[in-house]
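Listing of data-v7.cif; format and content: mmCIF, C-alpha atoms and all ligand atoms.
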data_upload
#
loop_
_atom_site.label_atom_id
_atom_site.label_comp_id
_atom_site.auth_asym_id
_atom_site.auth_seq_id
_atom_site.Cartn_x
_atom_site.Cartn_y
_atom_site.Cartn_z
CA MET E 1 115.76 86.83 91.07
CA ILE E 2 113.86 89.92 92.19
CA PRO E 3 110.65 89.05 94.07
CA VAL E 4 107.84 91.52 94.73
CA THR E 5 108.90 91.67 98.36
CA LYS E 6 111.45 90.23 100.77
CA PRO E 7 111.08 90.19 104.53
CA TYR E 8 113.51 92.41 106.41
CA LEU E 9 115.85 90.34 108.57
CA PRO E 10 117.83 92.17 111.27
CA PRO E 11 121.42 91.28 112.15
CA LEU E 12 121.23 87.80 113.74
CA LYS E 13 123.14 88.95 116.81
CA ASP E 14 120.46 91.55 117.66
CA TYR E 15 117.80 88.82 117.67
CA GLN E 16 120.03 86.41 119.61
CA ASP E 17 120.39 88.95 122.43
CA TYR E 18 116.64 88.72 122.98
CA LEU E 19 116.70 84.92 122.73
CA GLU E 20 119.15 84.74 125.62
CA GLY E 21 116.64 86.55 127.81
CA ILE E 22 113.85 84.17 126.75
CA TRP E 23 116.06 81.18 127.63
CA LYS E 24 116.86 82.65 131.04
CA ARG E 25 113.24 83.44 131.91
CA GLN E 26 111.83 80.29 130.27
CA TRP E 27 108.69 82.31 129.55
CA LEU E 28 107.77 81.59 125.94
CA THR E 29 104.22 82.84 125.49
CA ASN E 30 101.05 83.95 127.37
CA ASN E 31 101.54 87.70 127.62
CA GLY E 32 105.20 87.57 128.55
CA PRO E 33 107.49 90.53 129.23
CA LEU E 34 108.58 90.97 125.59
CA VAL E 35 104.96 91.02 124.36
CA ASN E 36 104.25 93.59 127.02
CA GLU E 37 107.30 95.66 126.08
CA LEU E 38 106.41 95.52 122.38
CA GLU E 39 102.87 96.72 123.05
CA LEU E 40 104.12 99.68 125.03
CA LYS E 41 106.84 100.55 122.51
CA ILE E 42 104.44 100.36 119.55
CA ALA E 43 101.89 102.56 121.34
CA GLU E 44 104.68 105.05 122.08
CA PHE E 45 106.16 104.89 118.56
CA LEU E 46 102.77 105.54 116.95
CA ASP E 47 101.57 107.87 119.70
CA VAL E 48 98.31 105.96 120.21
CA GLU E 49 96.33 105.36 123.39
CA ASN E 50 95.69 101.63 123.22
CA PHE E 51 97.20 98.72 121.35
CA LEU E 52 96.83 94.96 121.69
CA TYR E 53 99.37 92.68 120.04
CA LEU E 54 97.80 89.59 118.45
CA GLY E 55 98.72 86.45 116.53
CA ASN E 56 98.08 87.96 113.09
CA GLY E 57 96.05 90.55 111.19
CA THR E 58 93.25 88.10 110.41
CA ILE E 59 92.48 87.23 114.03
CA ALA E 60 92.60 91.00 114.64
CA LEU E 61 89.73 91.49 112.17
CA GLN E 62 87.77 88.60 113.65
CA ILE E 63 88.18 89.87 117.21
CA ALA E 64 87.19 93.39 116.09
CA ILE E 65 83.97 92.09 114.52
CA LYS E 66 83.20 89.98 117.61
CA ALA E 67 83.97 92.77 120.08
CA LEU E 68 81.52 95.09 118.32
CA ASP E 69 78.82 92.36 118.38
CA LEU E 70 78.28 92.75 114.66
CA LYS E 71 75.53 90.76 113.01
CA GLY E 72 73.85 90.83 109.60
CA GLU E 73 75.43 92.79 106.74
CA ILE E 74 78.78 94.51 106.77
CA ILE E 75 79.60 96.93 103.97
CA THR E 76 83.10 96.35 102.69
CA THR E 77 85.53 96.76 99.83
CA PRO E 78 86.06 94.15 97.12
CA PHE E 79 89.59 95.46 96.50
CA SER E 80 91.63 94.09 99.40
CA TYR E 81 93.31 90.93 100.56
CA VAL E 82 90.99 87.93 101.02
CA ALA E 83 91.24 88.16 104.83
CA THR E 84 89.09 91.32 104.86
CA THR E 85 86.14 89.43 103.37
CA SER E 86 86.79 85.99 104.84
CA SER E 87 86.83 87.41 108.39
CA ILE E 88 83.33 88.80 107.87
CA VAL E 89 82.03 85.45 106.62
CA TRP E 90 83.94 83.56 109.34
CA GLU E 91 82.14 85.64 111.96
CA GLY E 92 78.77 84.69 110.50
CA CYS E 93 78.08 88.05 108.86
CA THR E 94 77.37 88.85 105.20
CA PRO E 95 79.80 91.02 103.24
CA VAL E 96 78.10 93.56 101.00
CA PHE E 97 80.56 94.99 98.50
CA VAL E 98 80.60 98.62 97.50
CA ASP E 99 82.69 99.49 94.47
CA ILE E 100 85.93 101.46 94.82
CA ASP E 101 86.88 104.94 93.75
CA LYS E 102 88.98 104.71 90.60
CA LYS E 103 91.48 107.32 91.77
CA THR E 104 92.15 106.26 95.37
CA LEU E 105 91.29 102.53 94.93
CA ASN E 106 89.55 102.67 98.36
CA ILE E 107 85.84 102.06 98.96
CA ASP E 108 83.83 104.82 97.24
CA PRO E 109 81.91 106.63 100.00
CA THR E 110 79.42 108.11 97.53
CA LYS E 111 78.17 104.58 96.83
CA ILE E 112 77.89 103.37 100.44
CA GLU E 113 74.46 104.76 101.31
CA GLY E 114 72.85 103.00 98.35
CA SER E 115 73.87 99.65 99.85
CA ILE E 116 72.69 100.22 103.42
CA THR E 117 69.69 98.12 104.45
CA GLU E 118 67.95 97.56 107.78
CA ASN E 119 70.37 94.64 108.29
CA THR E 120 73.56 96.69 107.92
CA THR E 121 75.55 96.96 111.15
CA ALA E 122 78.98 98.19 110.08
CA ILE E 123 81.44 99.37 107.46
CA LEU E 124 84.74 97.48 107.19
CA ALA E 125 87.04 99.42 104.88
CA THR E 126 90.68 98.79 103.95
CA HIS E 127 93.20 101.61 103.63
CA VAL E 128 94.57 99.95 100.50
CA TYR E 129 98.37 100.09 100.11
CA GLY E 130 98.41 102.30 103.23
CA ASN E 131 96.35 104.96 101.43
CA PRO E 132 93.88 106.50 103.91
CA CYS E 133 90.19 106.03 103.07
CA ASP E 134 87.89 109.05 102.94
CA ILE E 135 87.61 108.95 106.72
CA GLU E 136 85.39 112.03 107.10
CA ALA E 137 82.80 110.82 104.59
CA ILE E 138 82.72 107.31 106.08
CA ASP E 139 82.41 108.72 109.59
CA GLN E 140 79.48 110.94 108.56
CA ILE E 141 77.61 108.04 106.93
CA ALA E 142 78.28 105.77 109.92
CA LYS E 143 76.94 108.37 112.36
CA LYS E 144 73.87 109.05 110.25
CA HIS E 145 72.96 105.35 110.02
CA ASN E 146 74.24 104.27 113.42
CA LEU E 147 76.87 101.93 111.99
CA LYS E 148 80.18 100.82 113.49
CA VAL E 149 83.40 101.37 111.54
CA ILE E 150 86.37 99.00 111.39
CA TYR E 151 89.41 99.94 109.36
CA ASP E 152 91.60 97.17 108.03
CA GLY E 153 94.92 98.94 108.39
CA ALA E 154 97.01 95.87 107.56
CA HIS E 155 99.21 97.99 105.26
CA CYS E 156 99.35 101.10 107.42
CA PHE E 157 102.16 100.89 109.95
CA GLY E 158 103.60 104.40 110.28
CA VAL E 159 100.85 106.15 108.27
CA ASN E 160 99.50 109.38 109.76
CA TYR E 161 96.37 111.21 108.71
CA LYS E 162 95.88 114.85 109.72
CA GLY E 163 98.75 114.58 112.17
CA ARG E 164 97.47 111.47 113.98
CA SER E 165 98.13 107.80 113.50
CA ILE E 166 95.70 106.36 110.97
CA PHE E 167 94.96 103.67 113.56
CA GLU E 168 93.15 106.19 115.76
CA TYR E 169 90.21 106.48 113.35
CA GLY E 170 87.09 104.32 113.33
CA ASP E 171 85.74 102.29 116.26
CA ILE E 172 88.55 99.76 115.83
CA SER E 173 91.55 99.62 113.48
CA THR E 174 93.53 96.51 112.78
CA VAL E 175 97.08 95.96 111.56
CA SER E 176 99.16 93.08 110.21
CA PHE E 177 102.79 92.44 111.13
CA HIS E 178 103.19 89.56 108.71
CA ALA E 179 106.73 88.94 107.44
CA THR E 180 105.96 90.72 104.15
CA LYS E 181 104.93 93.96 105.86
CA LEU E 182 107.38 96.84 106.22
CA PHE E 183 107.32 96.41 109.98
CA HIS E 184 106.95 92.75 110.90
CA THR E 185 107.12 90.27 113.75
CA ILE E 186 107.25 87.21 111.44
CA GLU E 187 103.55 86.55 112.10
CA GLY E 188 101.63 89.13 114.05
CA GLY E 189 99.02 91.81 114.08
CA GLY E 190 96.94 93.88 116.43
CA VAL E 191 93.99 96.08 117.22
CA PHE E 192 93.72 99.74 118.13
CA THR E 193 90.76 101.49 119.69
CA LYS E 194 90.27 104.67 121.65
CA ASN E 195 87.37 103.06 123.49
CA LYS E 196 88.64 101.65 126.80
CA ARG E 197 85.67 99.30 127.19
CA LEU E 198 86.32 97.77 123.75
CA HIS E 199 90.03 97.58 124.49
CA ASP E 200 89.39 95.66 127.73
CA ARG E 201 86.92 93.38 125.99
CA MET E 202 89.36 92.52 123.21
CA ASN E 203 92.07 91.97 125.81
CA PHE E 204 89.95 89.21 127.37
CA MET E 205 88.87 87.89 123.98
CA ARG E 206 92.42 87.32 122.75
CA ASN E 207 93.17 85.11 125.75
CA PHE E 208 90.24 82.65 125.72
CA GLY E 209 88.15 85.11 127.76
CA HIS E 210 90.33 84.52 130.86
CA ASP E 211 89.85 87.00 133.69
CA GLY E 212 92.28 85.34 136.09
CA PRO E 213 93.11 81.63 136.12
CA TYR E 214 89.63 80.29 136.89
CA LYS E 215 87.24 83.02 135.80
CA PHE E 216 86.04 83.78 132.25
CA SER E 217 84.45 87.11 131.47
CA GLU E 218 83.97 86.74 127.70
CA LEU E 219 83.75 84.29 124.89
CA GLY E 220 87.36 84.21 123.76
CA ILE E 221 89.79 82.66 121.34
CA ASN E 222 93.55 82.10 121.19
CA GLY E 223 94.66 85.39 119.63
CA LYS E 224 97.92 85.68 121.56
CA ASN E 225 101.41 85.98 120.22
CA SER E 226 104.73 84.64 121.55
CA GLU E 227 107.91 86.05 123.05
CA PHE E 228 109.84 84.98 119.93
CA HIS E 229 107.58 87.02 117.68
CA ALA E 230 107.63 89.99 120.03
CA ALA E 231 111.45 89.84 120.08
CA MET E 232 111.55 90.17 116.29
CA GLY E 233 109.23 93.17 116.61
CA LEU E 234 111.41 94.82 119.24
CA VAL E 235 114.49 94.47 117.03
CA ASN E 236 112.70 95.63 113.88
CA LEU E 237 110.99 98.59 115.53
CA LYS E 238 114.39 100.26 115.96
CA LYS E 239 114.83 100.10 112.20
CA VAL E 240 111.37 101.21 110.98
CA ASP E 241 112.22 104.82 110.22
CA GLU E 242 115.20 103.70 108.14
CA ILE E 243 113.09 101.08 106.34
CA ILE E 244 110.44 103.66 105.41
CA ALA E 245 113.11 106.13 104.28
CA LYS E 246 114.67 103.51 101.97
CA ARG E 247 111.27 102.60 100.51
CA LYS E 248 110.59 106.29 99.89
CA LEU E 249 113.88 106.62 98.05
CA LEU E 250 113.14 103.57 95.87
CA SER E 251 109.57 104.75 95.19
CA GLU E 252 110.79 108.17 94.11
CA LEU E 253 113.26 106.54 91.77
CA TYR E 254 110.45 104.48 90.22
CA ASP E 255 108.39 107.70 89.85
CA GLN E 256 111.24 109.43 88.08
CA LYS E 257 112.21 106.56 85.79
CA LEU E 258 108.64 105.72 84.76
CA SER E 259 107.49 109.30 84.34
CA ASP E 260 107.34 109.16 80.53
CA LEU E 261 104.91 106.26 80.48
CA ASN E 262 101.16 106.23 80.45
CA ILE E 263 100.84 104.52 83.83
CA VAL E 264 98.96 105.89 86.78
CA LYS E 265 99.42 105.57 90.53
CA PRO E 266 96.67 105.73 93.16
CA ALA E 267 95.93 109.23 94.47
CA PHE E 268 96.90 109.78 98.10
CA PRO E 269 95.16 112.48 100.19
CA LYS E 270 96.99 115.72 100.96
CA HIS E 271 96.93 115.40 104.73
CA ALA E 272 98.63 112.03 104.95
CA ASP E 273 102.15 110.90 105.78
CA ILE E 274 102.42 107.70 103.83
CA ASN E 275 104.65 104.68 104.44
CA TYR E 276 105.54 103.46 100.91
CA ALA E 277 104.19 100.01 101.75
CA TYR E 278 103.76 99.09 98.05
CA TYR E 279 104.51 100.45 94.61
CA PRO E 280 101.25 99.87 92.71
CA VAL E 281 100.92 100.96 89.09
CA LEU E 282 97.83 100.97 86.90
CA PHE E 283 98.47 100.15 83.25
CA GLU E 284 96.26 101.29 80.40
CA ASN E 285 94.49 97.94 80.30
CA SER E 286 94.83 94.32 81.30
CA ASP E 287 96.78 93.34 78.14
CA SER E 288 99.34 95.98 78.85
CA ALA E 289 99.77 94.87 82.48
CA LEU E 290 100.06 91.20 81.50
CA LYS E 291 102.60 91.99 78.79
CA CYS E 292 104.73 93.80 81.35
CA LEU E 293 104.36 90.97 83.86
CA ASP E 294 105.42 88.41 81.27
CA ARG E 295 108.42 90.43 80.11
CA LEU E 296 109.64 91.04 83.67
CA ASN E 297 109.12 87.38 84.63
CA LYS E 298 111.36 86.40 81.70
CA SER E 299 114.08 88.49 83.35
CA GLN E 300 113.47 86.79 86.72
CA ILE E 301 111.61 89.81 88.11
CA PHE E 302 108.31 89.05 89.82
CA PRO E 303 105.82 91.86 90.36
CA ARG E 304 102.43 90.79 91.70
CA ARG E 305 98.85 91.28 90.54
CA TYR E 306 97.80 92.63 93.91
CA PHE E 307 94.76 92.61 94.35
CA TYR E 308 93.48 90.26 91.76
CA PRO E 309 90.83 89.01 91.30
CA SER E 310 88.08 91.13 92.86
CA LEU E 311 86.93 89.59 96.16
CA SER E 312 83.43 89.33 94.71
CA GLU E 313 84.83 86.38 92.73
CA LEU E 314 85.35 84.29 95.87
CA PRO E 315 83.56 80.94 95.61
CA TYR E 316 81.62 81.46 98.86
CA ILE E 317 80.32 84.91 97.93
CA ALA E 318 77.23 85.85 95.93
CA LYS E 319 78.34 87.41 92.62
CA GLN E 320 78.04 91.17 92.41
CA GLU E 321 78.84 93.54 89.55
CA LEU E 322 81.61 95.91 90.52
CA PRO E 323 82.87 97.50 87.32
CA VAL E 324 85.54 99.77 88.77
CA THR E 325 87.11 97.04 90.92
CA GLU E 326 87.01 94.56 88.06
CA GLU E 327 88.77 96.98 85.75
CA ILE E 328 91.37 98.10 88.29
CA SER E 329 92.22 94.60 89.46
CA SER E 330 92.72 93.49 85.87
CA LYS E 331 95.36 96.15 85.18
CA VAL E 332 97.21 96.70 88.45
CA LEU E 333 100.70 95.44 89.24
CA CYS E 334 102.71 95.97 92.39
CA LEU E 335 106.36 96.39 91.45
CA PRO E 336 109.15 94.98 93.66
CA LEU E 337 109.74 97.07 96.77
CA TYR E 338 111.71 96.04 99.84
CA TYR E 339 114.49 97.32 102.06
CA GLU E 340 117.26 95.33 100.40
CA LEU E 341 116.26 96.27 96.86
CA SER E 342 118.98 98.39 95.29
CA LEU E 343 118.69 101.56 93.23
CA GLU E 344 120.39 99.65 90.41
CA GLU E 345 117.70 96.98 90.51
CA VAL E 346 114.94 99.60 90.32
CA ASP E 347 116.78 101.14 87.40
CA LEU E 348 116.92 97.76 85.66
CA ILE E 349 113.19 97.10 86.24
CA CYS E 350 112.33 100.53 84.83
CA ARG E 351 114.57 100.10 81.80
CA ILE E 352 112.77 96.86 80.95
CA ILE E 353 109.33 98.44 81.42
CA ASN E 354 110.32 101.47 79.35
CA SER E 355 111.65 99.26 76.59
CA ILE E 356 108.22 97.59 76.25
CA TYR E 357 106.11 100.71 76.04
CA ARG E 358 108.26 103.33 74.44
C1 LIG M 401 94.47 94.10 103.63
C2 LIG M 401 94.86 92.94 104.48
N1 LIG M 401 94.04 92.56 105.48
C3 LIG M 401 94.35 91.52 106.29
C4 LIG M 401 95.52 90.80 106.13
C5 LIG M 401 95.79 89.63 107.00
O1 LIG M 401 96.91 89.79 107.80
P1 LIG M 401 97.72 88.51 108.33
O2 LIG M 401 98.44 87.91 107.19
O3 LIG M 401 98.64 89.09 109.37
O4 LIG M 401 96.71 87.58 108.94
C6 LIG M 401 96.39 91.15 105.11
C7 LIG M 401 97.64 90.38 104.94
O5 LIG M 401 98.42 90.50 104.06
C8 LIG M 401 96.06 92.24 104.25
O6 LIG M 401 96.87 92.62 103.24
#

As structure tokens:
Amino acid sequence: MIPVTKPYLPPLKDYQDYLEGIWKRQWLTNNGPLVNELELKIAEFLDVENFLYLGNGTIALQIAIKALDLKGEIITTPFSYVATTSSIVWEGCTPVFVDIDKKTLNIDPTKIEGSITENTTAILATHVYGNPCDIEAIDQIAKKHNLKVIYDGAHCFGVNYKGRSIFEYGDISTVSFHATKLFHTIEGGGVFTKNKRLHDRMNFMRNFGHDGPYKFSELGINGKNSEFHAAMGLVNLKKVDEIIAKRKLLSELYDQKLSDLNIVKPAFPKHADINYAYYPVLFENSDSALKCLDRLNKSQIFPRRYFYPSLSELPYIAKQELPVTEEISSKVLCLPLYYELSLEEVDLICRIINSIYR
């Protein structure tokens, strides 16, 4: 069986070494030494000023929205994982979808201004598949209309844009370290901001608002993560460069083996170092994508319709027409891509796909 993804598991011994330390210290959670070490090592690895390690990428979005005091309408993308939209609704705000660009699959900046109203307070955009949004255009619109910008960078670990970590753009960027991500801590996530005041605020917010044992400086929530999760991160961080290199190799093999077919990949900007987080392909139409999915499933290979359906279809959202997103989500498949996947398996997947369409 070849799934769309498999979590990377380090050698057990490497994880056990960290467990011994946890047993000795008997410090399991609440900003322990491994959480602290992971935060510092991630900030150093990515060369960013500030990073807060959190329970997951969803609480990261919720804390970001709360820390910026957002109210009213938030402009966002309908082509993302459900957490991008649900976090907005969870925080009592209204998501307003703007259709995506059909080449990059990210929010289309040329359509944002048409959706801004007097109630708009922010733009929450996802760098889909680790593909940087049109950061300059979004920044210009945000400045002109006095809006905050949050980037959902769940897919972006290791992505650089114009020589800097992608997480350094926007007022706040978030990340997910869920087990399916190329760098993971089993469950986990975090927030990045260059604004020290926001950083300090989110630091209180993730720990119930505690400012010392008996004083509370903020409304807070439990957004913390544990020593066990941080330990997995510390082990996996040593391997990230190798993991990205392997994914690059597999992606290039897919490119080469599928080059004769009429399938398209999202366009990535020139000034980006990408992380090969996914291998998305756009088929000619929905029938073609479904035929491929069915044929691969019969061979025990399981690509995923990611993202499908459009988030405007969620039952708690007012319906909106978003023709580009609807078309793209109907014909996109993410092909299997993970560290353990072999070149032979990619070759097999491509031979099956080629046999359908040739
Ligand atoms: C785009 C996007 N945003 C947010 C999340 C939520 O992250 P988590 O699963 O860590 O809560 C995900 C998770 O897959 C995601 O893909």

Inset, instruction - Please work out which residues fall within 12 Å of (88.9, 94.7, 125.6), coordinates as given in the file, with all atoms listed in the file counting, and return them as a VMD selection string. - result: chain E and resid 50 to 52 63 to 64 66 to 68 172 191 to 207 209 to 211 217 to 220

Inset, instruction - Give as a ChimeraX atom specification the residues surrounding ligand LIG 401 (chain M) up to a distance of 10 Å, considering only C-alpha atoms and all ligand atoms. - result: /E:54-61,79-87,125-130,151-156,174-181,184-190,306-307

Legend entry - Nearest to Lys103 in chain E, chosen from E:Leu253, E:Ala230, E:Ala267, E:Leu333, with only C-alpha atoms counted in the distances: E:Ala267

Legend entry - Shortest interatomic distance to Asn225 in chain E - which of E:Ile75, E:Lys13, E:Val35, E:Gly21, counting all atoms listed in the file: E:Val35

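CA of Ala272 in chain E lies 17.6 Å from CA of Leu249 in chain E.
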
Legend entry - Neighbour list for Ile135 in chain E as a VMD selection string, cut-off 10 Å, all atoms listed in the file, skip fewer than 2 positions in-chain: chain E and resid 109 125 127 132 to 133 137 to 140 149 151 161 166 169 to 170

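CA of Val159 in chain E is found 5.6 Å from CA of Asn275 in chain E.
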
Inset, instruction - List every protein, DNA or RNA residue that has at least one atom no more than 9 Å from (77.8, 92.3, 105.5) in the file's coordinates, counting only C-alpha atoms, and write the result as a list in words. - result: Lys71, Gly72, Glu73, Ile74, Ile75, Thr76, Ile88, Val89, Cys93, Thr94, Pro95, Val96, Phe97, Asn119, Thr120, Thr121, Ala122, Ile123 and Leu124 of chain E

Could you please take those selected residues and save C-alpha atoms as a tab-separated table (two decimals), in the coordinates of the input?
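In the end it all went to result_18.tsv:
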chain	number	residue	atom	x	y	z
E	71	LYS	CA	75.53	90.76	113.01
E	72	GLY	CA	73.85	90.83	109.60
E	73	GLU	CA	75.43	92.79	106.74
E	74	ILE	CA	78.78	94.51	106.77
E	75	ILE	CA	79.60	96.93	103.97
E	76	THR	CA	83.10	96.35	102.69
E	88	ILE	CA	83.33	88.80	107.87
E	89	VAL	CA	82.03	85.45	106.62
E	93	CYS	CA	78.08	88.05	108.86
E	94	THR	CA	77.37	88.85	105.20
E	95	PRO	CA	79.80	91.02	103.24
E	96	VAL	CA	78.10	93.56	101.00
E	97	PHE	CA	80.56	94.99	98.50
E	119	ASN	CA	70.37	94.64	108.29
E	120	THR	CA	73.56	96.69	107.92
E	121	THR	CA	75.55	96.96	111.15
E	122	ALA	CA	78.98	98.19	110.08
E	123	ILE	CA	81.44	99.37	107.46
E	124	LEU	CA	84.74	97.48	107.19

Legend entry - Residue nearest Arg305 in chain E - candidates E:Lys291, E:Pro78, E:Thr325, E:Ser330, atoms counted: only C-alpha atoms: E:Ser330

Inset, instruction - Check the smallest atom-to-atom distance from each of E:Arg295, E:His271, E:Arg304, E:Lys248 to Cys334 in chain E using all atoms listed in the file, then report the winner. - result: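 Checking each of E:Arg295, E:His271, E:Arg304, E:Lys248 against Cys334 in chain E, counting all atoms listed in the file, the winner is E:Arg304.
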
Applying 10 Å and only C-alpha atoms, which residues near Leu237 in chain E remain after dropping the ones on its own chain fewer than 5 positions away? List them as a short mmCIF file (atom, residue, chain, number, x, y, z; two decimals) with C-alpha atoms, keeping the file's coordinate frame.
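As a result, part14.cif now contains:
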data_model
loop_
_atom_site.label_atom_id
_atom_site.label_comp_id
_atom_site.auth_asym_id
_atom_site.auth_seq_id
_atom_site.Cartn_x
_atom_site.Cartn_y
_atom_site.Cartn_z
CA LEU E 38 106.41 95.52 122.38
CA LYS E 41 106.84 100.55 122.51
CA ILE E 42 104.44 100.36 119.55
CA PHE E 45 106.16 104.89 118.56
CA PHE E 183 107.32 96.41 109.98
CA HIS E 184 106.95 92.75 110.90
CA THR E 185 107.12 90.27 113.75
CA ALA E 231 111.45 89.84 120.08
CA MET E 232 111.55 90.17 116.29
CA GLU E 242 115.20 103.70 108.14
CA ILE E 243 113.09 101.08 106.34
#

Inset, instruction - Using all atoms listed in the file, pick whichever of E:Leu28, E:Cys350, E:Leu290, E:Ala318 has the shortest atom-to-atom distance to Ser259 in chain E. - result: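 Between E:Leu28, E:Cys350, E:Leu290, E:Ala318, the residue approaching Ser259 in chain E most closely is E:Cys350.
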
Legend entry - Best match for closeness to Leu9 in chain E among E:Ile274, E:Ile141, E:Val235, E:Leu105, counting all atoms listed in the file: E:Val235
